[in-house]
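S.K.: If you scroll down you'll find the structure; I have some questions about it.
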Amino acid sequence: MQYDVAIIGCGVVGAAVAYELSKYTASVIVLEAENDVADETSKANSGIFHAGYDPQPGTLMAQLNVAGVAQAKELCRKLDVPVRWTGSLVIALSNGELAAIKMLFDRGTKNGVPGQELLNAAQARHLDARLSPQVKGALYCPSAGVVYSWEYALAFIETAVRNGTELCRNFRVTGITRPEKGGYCIQSESGACITATYVVNAAGVYADIIHNMVSPPAFHIQPTRGEYYLLDKTAGDLVRHIIFQCPTAAGKGVLVAPTAGGNIIVGPNAAPCSRTDVRVTHSGLDYIAARAQKSIPSIDLRSSIRNFAGVRANHDREDFIIGEADGAPGFIDLAGIKSPGLSAAPAIATTCLTLLEQAGLALEEKKSYVDSRKRIAFERLSVSEKQRLIKKNPLYGRVICRCETITEGEIIDALRTPVPPVSVDGINRRCGTGMGRCQGGFCSPRVMELLMNEAHVSWHDVLQDKAGSYLLTGRTKQQEECCERCR
């Protein structure tokens, strides 16, 4: 099992690298520890394409943020990823913060952020009427947007797999050795071994652990938990833009923003944690609520349909960690990819290809390459389009999820993609089932049934999400044999 390149981690950065590499003839395998792609940081974040005013000029963050957002416009179009280019407002709640947003404006100018403007209070409230009366002014950035971040990562890896990239899930790396003949031998906890000439470390909150397997410690990841409210679609017109407060040393602060799916997202806080700590806490939610009300006093958090948390890869440096590891030729670190990592992902990927080429990887373009992707979202179709689709395939006329109007046809499509789901939540992420007001209360049994039938999964092997999250443990009712009298 010898490959030219092995990518460790299939979050949005690893998936973007796989997508770029799949345009070339090099043999590539992606090693993902979980049973689905983008199942850590990339599925639990704000889903924001940041404009690029926040990073310090001259840093990789600044350069790759602006470049990545510029690339995202075309990528989302041809890979059919839901995105809304809403623009963002960084609000000043005091006269002192007016100086802060002016500094951000100047920084954005140096970073090449397009179209940004400094607004007075009246201009800011004209763009978003529910802003606090305390707002003194705002920085407006029209290039910011909201994206379904998990779908973005999925689009990259699906396209890569369709073009010949291999994806190995449930491959948790436990060791990396360097054979005498060169390259790297990557071992999993199951005993499997993959050999590759080049390795890309895109392991997120585990990137320092992976790095230390081949090179002396050079950085330390400090995982940080961010908690969120997700509001019902009935609150979808609360704000029209992404509303930020002035950033602090802890991060970009609590935002109130529309989502690509029409909800409102509120959060996050920032709490140091372990690598797997996705708890939602009273203290965290109380903090978020208090901060959000400073931006939008009329916000009603009682319309929340879900609270969740994600862990991001904060670290002990001020910039992304991108480069060849010391003493490990051909081993490329893409580490410490905290915010604006989602925004920068495509540009990080193209930078990674340059580093691989400098390390000796030959990049020969494929003569045949499929650089597009299409998914059917029934709810977004016109009435005539729905009618034609149902006539062609009646499965699109069977609604499984009432809240989000997701059909059986869409679920079957997801189960037959190049990267099919293996769990109920895997289907939910791909299709939108279970994402509405009832949070799967109505549709989950039907989703389970379709997963069992299409993927040939036994009832006692049905997973909610990650490995081991079994939904069914046994029967609660057994049919008894009839007695002689019944017969």
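Residue numbering restarts at 1 for every chain of the structure tokens, chains are lettered A, B, ... in their displayed order, and ligands are numbered from 1 as they appear.
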Using only C-alpha atoms, which protein or nucleic acid residues come within 7 Å of range 434-444 of chain A? Drop anything in the same chain fewer than 2 positions from it, and give the result as a PDB file with all heavy atoms, in the first residue's frame.

M.R.:
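Output file out10.pdb is given in full below:
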```pdb
ATOM      1  N   ASP A 232     -34.277  28.829  15.616  1.00  0.00           N
ATOM      2  CA  ASP A 232     -35.235  28.348  14.629  1.00  0.00           C
ATOM      3  C   ASP A 232     -35.290  29.306  13.434  1.00  0.00           C
ATOM      4  O   ASP A 232     -34.975  30.501  13.543  1.00  0.00           O
ATOM      5  CB  ASP A 232     -36.609  28.236  15.289  1.00  0.00           C
ATOM      6  CG  ASP A 232     -37.628  27.573  14.389  1.00  0.00           C
ATOM      7  OD1 ASP A 232     -37.461  26.382  14.099  1.00  0.00           O
ATOM      8  OD2 ASP A 232     -38.589  28.254  13.971  1.00  0.00           O
ATOM      9  N   ILE A 305     -33.207  25.957  18.901  1.00  0.00           N
ATOM     10  CA  ILE A 305     -33.587  24.563  18.664  1.00  0.00           C
ATOM     11  C   ILE A 305     -32.435  23.610  18.936  1.00  0.00           C
ATOM     12  O   ILE A 305     -32.632  22.396  18.957  1.00  0.00           O
ATOM     13  CB  ILE A 305     -34.107  24.352  17.228  1.00  0.00           C
ATOM     14  CG1 ILE A 305     -33.041  24.742  16.191  1.00  0.00           C
ATOM     15  CG2 ILE A 305     -35.399  25.118  16.998  1.00  0.00           C
ATOM     16  CD1 ILE A 305     -33.419  24.390  14.755  1.00  0.00           C
ATOM     17  N   ILE A 400     -39.558  12.737   3.973  1.00  0.00           N
ATOM     18  CA  ILE A 400     -39.127  12.038   5.188  1.00  0.00           C
ATOM     19  C   ILE A 400     -39.024  13.008   6.358  1.00  0.00           C
ATOM     20  O   ILE A 400     -39.468  12.723   7.467  1.00  0.00           O
ATOM     21  CB  ILE A 400     -37.764  11.348   4.952  1.00  0.00           C
ATOM     22  CG1 ILE A 400     -37.869  10.348   3.784  1.00  0.00           C
ATOM     23  CG2 ILE A 400     -37.292  10.653   6.224  1.00  0.00           C
ATOM     24  CD1 ILE A 400     -38.870   9.243   3.995  1.00  0.00           C
ATOM     25  N   CYS A 401     -38.421  14.171   6.119  1.00  0.00           N
ATOM     26  CA  CYS A 401     -38.262  15.193   7.166  1.00  0.00           C
ATOM     27  C   CYS A 401     -39.232  16.328   6.880  1.00  0.00           C
ATOM     28  O   CYS A 401     -39.064  17.072   5.905  1.00  0.00           O
ATOM     29  CB  CYS A 401     -36.822  15.708   7.178  1.00  0.00           C
ATOM     30  SG  CYS A 401     -36.534  17.093   8.298  1.00  0.00           S
ATOM     31  N   CYS A 403     -39.897  19.028   8.779  1.00  0.00           N
ATOM     32  CA  CYS A 403     -39.402  20.360   9.144  1.00  0.00           C
ATOM     33  C   CYS A 403     -38.629  21.007   7.999  1.00  0.00           C
ATOM     34  O   CYS A 403     -38.788  22.195   7.716  1.00  0.00           O
ATOM     35  CB  CYS A 403     -38.499  20.270  10.375  1.00  0.00           C
ATOM     36  SG  CYS A 403     -39.315  19.720  11.882  1.00  0.00           S
ATOM     37  N   GLU A 404     -37.771  20.227   7.344  1.00  0.00           N
ATOM     38  CA  GLU A 404     -36.878  20.755   6.324  1.00  0.00           C
ATOM     39  C   GLU A 404     -37.277  20.344   4.913  1.00  0.00           C
ATOM     40  O   GLU A 404     -36.581  20.687   3.948  1.00  0.00           O
ATOM     41  CB  GLU A 404     -35.443  20.296   6.600  1.00  0.00           C
ATOM     42  CG  GLU A 404     -34.892  20.754   7.938  1.00  0.00           C
ATOM     43  CD  GLU A 404     -34.730  22.263   8.020  1.00  0.00           C
ATOM     44  OE1 GLU A 404     -33.949  22.817   7.236  1.00  0.00           O
ATOM     45  OE2 GLU A 404     -35.405  22.876   8.864  1.00  0.00           O
ATOM     46  N   ASN A 428     -27.974  13.060   8.186  1.00  0.00           N
ATOM     47  CA  ASN A 428     -28.488  14.383   8.555  1.00  0.00           C
ATOM     48  C   ASN A 428     -27.583  15.497   8.036  1.00  0.00           C
ATOM     49  O   ASN A 428     -28.072  16.521   7.536  1.00  0.00           O
ATOM     50  CB  ASN A 428     -28.617  14.493  10.073  1.00  0.00           C
ATOM     51  CG  ASN A 428     -29.674  13.559  10.647  1.00  0.00           C
ATOM     52  OD1 ASN A 428     -30.497  13.015   9.909  1.00  0.00           O
ATOM     53  ND2 ASN A 428     -29.653  13.356  11.952  1.00  0.00           N
ATOM     54  N   GLY A 432     -29.816  17.284   5.581  1.00  0.00           N
ATOM     55  CA  GLY A 432     -30.563  18.264   6.370  1.00  0.00           C
ATOM     56  C   GLY A 432     -31.657  17.663   7.204  1.00  0.00           C
ATOM     57  O   GLY A 432     -32.365  18.380   7.926  1.00  0.00           O
ATOM     58  N   ARG A 446     -37.461   6.748  10.140  1.00  0.00           N
ATOM     59  CA  ARG A 446     -37.444   6.510   8.698  1.00  0.00           C
ATOM     60  C   ARG A 446     -36.022   6.627   8.143  1.00  0.00           C
ATOM     61  O   ARG A 446     -35.630   5.873   7.248  1.00  0.00           O
ATOM     62  CB  ARG A 446     -38.363   7.512   7.996  1.00  0.00           C
ATOM     63  CG  ARG A 446     -39.820   7.249   8.200  1.00  0.00           C
ATOM     64  CD  ARG A 446     -40.274   6.007   7.434  1.00  0.00           C
ATOM     65  NE  ARG A 446     -40.273   6.230   5.998  1.00  0.00           N
ATOM     66  CZ  ARG A 446     -39.641   5.457   5.119  1.00  0.00           C
ATOM     67  NH1 ARG A 446     -38.948   4.418   5.541  1.00  0.00           N
ATOM     68  NH2 ARG A 446     -39.681   5.719   3.842  1.00  0.00           N
ATOM     69  N   VAL A 447     -35.232   7.552   8.667  1.00  0.00           N
ATOM     70  CA  VAL A 447     -33.837   7.669   8.238  1.00  0.00           C
ATOM     71  C   VAL A 447     -33.080   6.392   8.589  1.00  0.00           C
ATOM     72  O   VAL A 447     -32.297   5.861   7.786  1.00  0.00           O
ATOM     73  CB  VAL A 447     -33.163   8.897   8.877  1.00  0.00           C
ATOM     74  CG1 VAL A 447     -31.658   8.909   8.599  1.00  0.00           C
ATOM     75  CG2 VAL A 447     -33.796  10.183   8.364  1.00  0.00           C
ATOM     76  N   MET A 448     -33.303   5.874   9.797  1.00  0.00           N
ATOM     77  CA  MET A 448     -32.678   4.614  10.209  1.00  0.00           C
ATOM     78  C   MET A 448     -33.045   3.483   9.263  1.00  0.00           C
ATOM     79  O   MET A 448     -32.191   2.691   8.848  1.00  0.00           O
ATOM     80  CB  MET A 448     -33.101   4.259  11.639  1.00  0.00           C
ATOM     81  CG  MET A 448     -32.530   5.151  12.714  1.00  0.00           C
ATOM     82  SD  MET A 448     -33.310   4.869  14.324  1.00  0.00           S
ATOM     83  CE  MET A 448     -33.020   3.128  14.543  1.00  0.00           C
TER      84      MET A 448
END
```

S.K.: Please run DSSP on the backbone and report, as JSON, numbers by chain, all residues within range 172-248 of chain A that come out as strand (DSSP E or B).

M.R.: {"A": [173, 174, 175, 176, 177, 184, 185, 186, 187, 188, 193, 194, 195, 196, 197, 198, 199, 200, 201, 221, 222, 223, 224, 225, 226, 227, 228, 229, 230, 231, 242, 243, 244, 245, 248]}

S.K.: Can I get the residues of range 383-422 of chain A within 12 Å of range 370-377 of chain A, each with the closest pair of atoms and their distance in Å to one decimal, using only C-alpha atoms, sorted chain first then ascending number, as a tab-separated table?

M.R.:
```
residue	atom	partner	partner_atom	distance
A:Glu385	CA	A:Ile376	CA	10.8
A:Lys386	CA	A:Ala377	CA	10.0
A:Leu389	CA	A:Ile376	CA	9.7
A:Tyr396	CA	A:Ile376	CA	9.7
A:Glu404	CA	A:Ala377	CA	10.2
A:Thr405	CA	A:Ala377	CA	9.2
A:Ile406	CA	A:Ala377	CA	7.8
A:Thr407	CA	A:Ala377	CA	9.0
A:Glu408	CA	A:Ala377	CA	11.5
A:Gly409	CA	A:Ile376	CA	8.9
A:Glu410	CA	A:Ile376	CA	6.6
A:Ile411	CA	A:Ile376	CA	10.1
A:Ile412	CA	A:Ile376	CA	11.1
A:Asp413	CA	A:Arg375	CA	8.4
A:Ala414	CA	A:Arg375	CA	8.8
A:Arg416	CA	A:Arg375	CA	11.8
A:Thr417	CA	A:Arg375	CA	9.9
A:Pro418	CA	A:Arg373	CA	11.2
```

S.K.: When you count only C-alpha atoms, which of these residues is closest to Ser42 in chain A: A:Ala15, A:Val254, A:Ile299, A:Ala235?

M.R.: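 Nearest candidate to Ser42 in chain A out of A:Ala15, A:Val254, A:Ile299, A:Ala235: A:Ala15.
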
S.K.: Which residues of range 40-106 of chain A come within 7 Å of range 136-149 of chain A, and for each one, what is the closest pair of atoms and their distance in Å to one decimal, counting only C-alpha atoms, sorted by chain and residue number, as a tab-separated table?

M.R.:
```
residue	atom	partner	partner_atom	distance
A:Ser42	CA	A:Ser149	CA	6.4
A:Lys43	CA	A:Ser149	CA	6.5
A:Gly47	CA	A:Ser149	CA	5.1
A:Ile48	CA	A:Val146	CA	4.7
A:Phe49	CA	A:Gly145	CA	4.9
A:His50	CA	A:Ala144	CA	5.2
A:Ala51	CA	A:Ala144	CA	4.7
A:Pro82	CA	A:Val147	CA	6.0
A:Val83	CA	A:Val147	CA	4.4
A:Arg84	CA	A:Val146	CA	5.3
A:Trp85	CA	A:Gly145	CA	4.1
A:Thr86	CA	A:Gly145	CA	5.0
A:Gly87	CA	A:Pro142	CA	4.0
A:Ser88	CA	A:Cys141	CA	5.2
A:Leu89	CA	A:Tyr140	CA	4.7
A:Val90	CA	A:Leu139	CA	5.0
A:Ile91	CA	A:Ala138	CA	4.3
A:Ala92	CA	A:Gly137	CA	5.4
A:Leu93	CA	A:Lys136	CA	5.7
A:Ser94	CA	A:Lys136	CA	6.1
A:Asn95	CA	A:Lys136	CA	6.7
A:Leu98	CA	A:Gly137	CA	6.6
A:Ile101	CA	A:Leu139	CA	6.0
A:Phe105	CA	A:Leu139	CA	6.9
```

S.K.: Determine, counting only C-alpha atoms, which protein, DNA and RNA residues have an atom within 9 Å of an atom of range 196-199 of chain A; residues of the same chain fewer than 3 positions away are not included. Present the result as a list in words.

M.R.: Met1, Gln2, Tyr3, Asp4, Val5, Ala6, Ile7, Ile8, Val28, Ile29, Gly182, Gly183, Tyr184, Cys185, Ile186, Pro329, Gly330, Phe331, Ile332, Asp333, Leu356, Ala359 and Leu361 of chain A

S.K.: To one decimal in Å, tell me the separation between CA of Ser343 in chain A and CA of Leu119 in chain A.

M.R.: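 These two atoms are separated by 24.3 Å.
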
S.K.: If we count only C-alpha atoms, what is near Asp128 in chain A at a cut-off of 7 Å, once residues fewer than 4 positions away on the same chain are taken out, given as a list of chain:residue names?

M.R.: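 Non-adjacent residues within range: A:Ala124, A:Val239, A:Arg240.
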
S.K.: Need to verify the contact set: Asp326 in chain A, 12 Å, only C-alpha atoms, exclusion of same-chain residues closer than 6 positions in sequence. Can you return it as a list in words?

M.R.: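 Contacts, in chain order: His211, Asn212, Met213, Val214, Ser215, Pro216, Pro217, Ala218, Phe219, Ile332 and Asp333 of chain A.
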
S.K.: With only C-alpha atoms as the counted atoms, please give the residues lying no more than 8 Å from Ala18 in chain A, apart from itself and same-chain residues fewer than 4 positions off, as a list in words.

M.R.: Ile7, Gly14, Ser22, Val28, Val30, Phe156, Ile157, Ala160 and Thr165 of chain A

S.K.: Can I get the selection written as a PDB file, in the first residue's frame, with all heavy atoms?

M.R.:
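Result written to result_39.pdb:
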```pdb
ATOM      1  N   ILE A   7      -2.482  12.097   3.326  1.00  0.00           N
ATOM      2  CA  ILE A   7      -2.987  13.251   4.064  1.00  0.00           C
ATOM      3  C   ILE A   7      -3.609  12.738   5.350  1.00  0.00           C
ATOM      4  O   ILE A   7      -4.521  11.906   5.311  1.00  0.00           O
ATOM      5  CB  ILE A   7      -4.044  14.015   3.238  1.00  0.00           C
ATOM      6  CG1 ILE A   7      -3.448  14.485   1.907  1.00  0.00           C
ATOM      7  CG2 ILE A   7      -4.596  15.199   4.029  1.00  0.00           C
ATOM      8  CD1 ILE A   7      -4.486  14.997   0.920  1.00  0.00           C
ATOM      9  N   GLY A  14      -7.664  19.305   5.162  1.00  0.00           N
ATOM     10  CA  GLY A  14      -7.229  18.060   4.533  1.00  0.00           C
ATOM     11  C   GLY A  14      -8.025  17.753   3.277  1.00  0.00           C
ATOM     12  O   GLY A  14      -7.461  17.293   2.267  1.00  0.00           O
ATOM     13  N   SER A  22      -5.998  15.990  -6.378  1.00  0.00           N
ATOM     14  CA  SER A  22      -6.712  15.072  -7.274  1.00  0.00           C
ATOM     15  C   SER A  22      -6.718  15.557  -8.717  1.00  0.00           C
ATOM     16  O   SER A  22      -7.120  14.814  -9.619  1.00  0.00           O
ATOM     17  CB  SER A  22      -8.147  14.854  -6.789  1.00  0.00           C
ATOM     18  OG  SER A  22      -8.937  16.027  -6.937  1.00  0.00           O
ATOM     19  N   VAL A  28      -2.828   9.396  -4.100  1.00  0.00           N
ATOM     20  CA  VAL A  28      -3.100  10.103  -2.840  1.00  0.00           C
ATOM     21  C   VAL A  28      -4.079   9.287  -2.007  1.00  0.00           C
ATOM     22  O   VAL A  28      -5.068   8.749  -2.533  1.00  0.00           O
ATOM     23  CB  VAL A  28      -3.699  11.502  -3.108  1.00  0.00           C
ATOM     24  CG1 VAL A  28      -3.999  12.215  -1.795  1.00  0.00           C
ATOM     25  CG2 VAL A  28      -2.761  12.333  -3.970  1.00  0.00           C
ATOM     26  N   VAL A  30      -6.231   9.668   1.833  1.00  0.00           N
ATOM     27  CA  VAL A  30      -6.596  10.508   2.967  1.00  0.00           C
ATOM     28  C   VAL A  30      -6.939   9.587   4.135  1.00  0.00           C
ATOM     29  O   VAL A  30      -7.775   8.686   3.998  1.00  0.00           O
ATOM     30  CB  VAL A  30      -7.797  11.416   2.633  1.00  0.00           C
ATOM     31  CG1 VAL A  30      -8.131  12.310   3.825  1.00  0.00           C
ATOM     32  CG2 VAL A  30      -7.502  12.261   1.397  1.00  0.00           C
ATOM     33  N   PHE A 156     -15.248  19.047  -1.311  1.00  0.00           N
ATOM     34  CA  PHE A 156     -13.852  18.846  -1.679  1.00  0.00           C
ATOM     35  C   PHE A 156     -13.502  17.361  -1.752  1.00  0.00           C
ATOM     36  O   PHE A 156     -12.928  16.888  -2.739  1.00  0.00           O
ATOM     37  CB  PHE A 156     -12.922  19.531  -0.665  1.00  0.00           C
ATOM     38  CG  PHE A 156     -12.881  21.028  -0.762  1.00  0.00           C
ATOM     39  CD1 PHE A 156     -12.895  21.810   0.391  1.00  0.00           C
ATOM     40  CD2 PHE A 156     -12.808  21.669  -1.982  1.00  0.00           C
ATOM     41  CE1 PHE A 156     -12.841  23.190   0.320  1.00  0.00           C
ATOM     42  CE2 PHE A 156     -12.743  23.055  -2.072  1.00  0.00           C
ATOM     43  CZ  PHE A 156     -12.771  23.813  -0.910  1.00  0.00           C
ATOM     44  N   ILE A 157     -13.845  16.616  -0.693  1.00  0.00           N
ATOM     45  CA  ILE A 157     -13.405  15.217  -0.652  1.00  0.00           C
ATOM     46  C   ILE A 157     -14.215  14.353  -1.604  1.00  0.00           C
ATOM     47  O   ILE A 157     -13.682  13.406  -2.202  1.00  0.00           O
ATOM     48  CB  ILE A 157     -13.444  14.671   0.803  1.00  0.00           C
ATOM     49  CG1 ILE A 157     -12.713  13.332   0.892  1.00  0.00           C
ATOM     50  CG2 ILE A 157     -14.848  14.572   1.329  1.00  0.00           C
ATOM     51  CD1 ILE A 157     -11.247  13.378   0.519  1.00  0.00           C
ATOM     52  N   ALA A 160     -12.603  14.857  -4.917  1.00  0.00           N
ATOM     53  CA  ALA A 160     -11.304  14.185  -4.937  1.00  0.00           C
ATOM     54  C   ALA A 160     -11.465  12.684  -5.130  1.00  0.00           C
ATOM     55  O   ALA A 160     -10.772  12.064  -5.948  1.00  0.00           O
ATOM     56  CB  ALA A 160     -10.546  14.488  -3.644  1.00  0.00           C
ATOM     57  N   THR A 165      -8.799   9.796  -5.753  1.00  0.00           N
ATOM     58  CA  THR A 165      -8.221   9.813  -4.403  1.00  0.00           C
ATOM     59  C   THR A 165      -8.846   8.718  -3.554  1.00  0.00           C
ATOM     60  O   THR A 165     -10.055   8.474  -3.629  1.00  0.00           O
ATOM     61  CB  THR A 165      -8.461  11.174  -3.740  1.00  0.00           C
ATOM     62  OG1 THR A 165      -7.831  12.183  -4.524  1.00  0.00           O
ATOM     63  CG2 THR A 165      -7.917  11.214  -2.325  1.00  0.00           C
TER      64      THR A 165
END
```

S.K.: Just want the 8 Å neighbourhood of range 312-324 of chain A, counted on only C-alpha atoms, with same-chain residues fewer than 2 positions away dropped. Output as a list in words.

M.R.: Thr41, Thr59, Leu60, Met61, Gly204, Val205, Phe219, His220, Ile221, Gln222, Pro223, Thr224, Arg225, Gly226, Gly310, Asp326, Ala328, Pro329, Gly330, Phe331, Ile332, Asp333, Leu334, Ala335, Gly336, Ile337, Lys338, Cys352 and Leu355 of chain A

S.K.: So which one's closest to Gly236 in chain A, A:Leu255, A:Ile265, A:Leu342, A:Ala26? Using only C-alpha atoms, please.

M.R.: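 Using only C-alpha atoms, Gly236 in chain A sits closest to A:Ile265.
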
S.K.: Smallest atom-to-atom distance to Asp277 in chain A: which of A:Arg380, A:Glu40, A:Asn263, A:Gly468, using only C-alpha atoms?

M.R.: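 The shortest atom-to-atom distance to Asp277 in chain A comes from A:Glu40.
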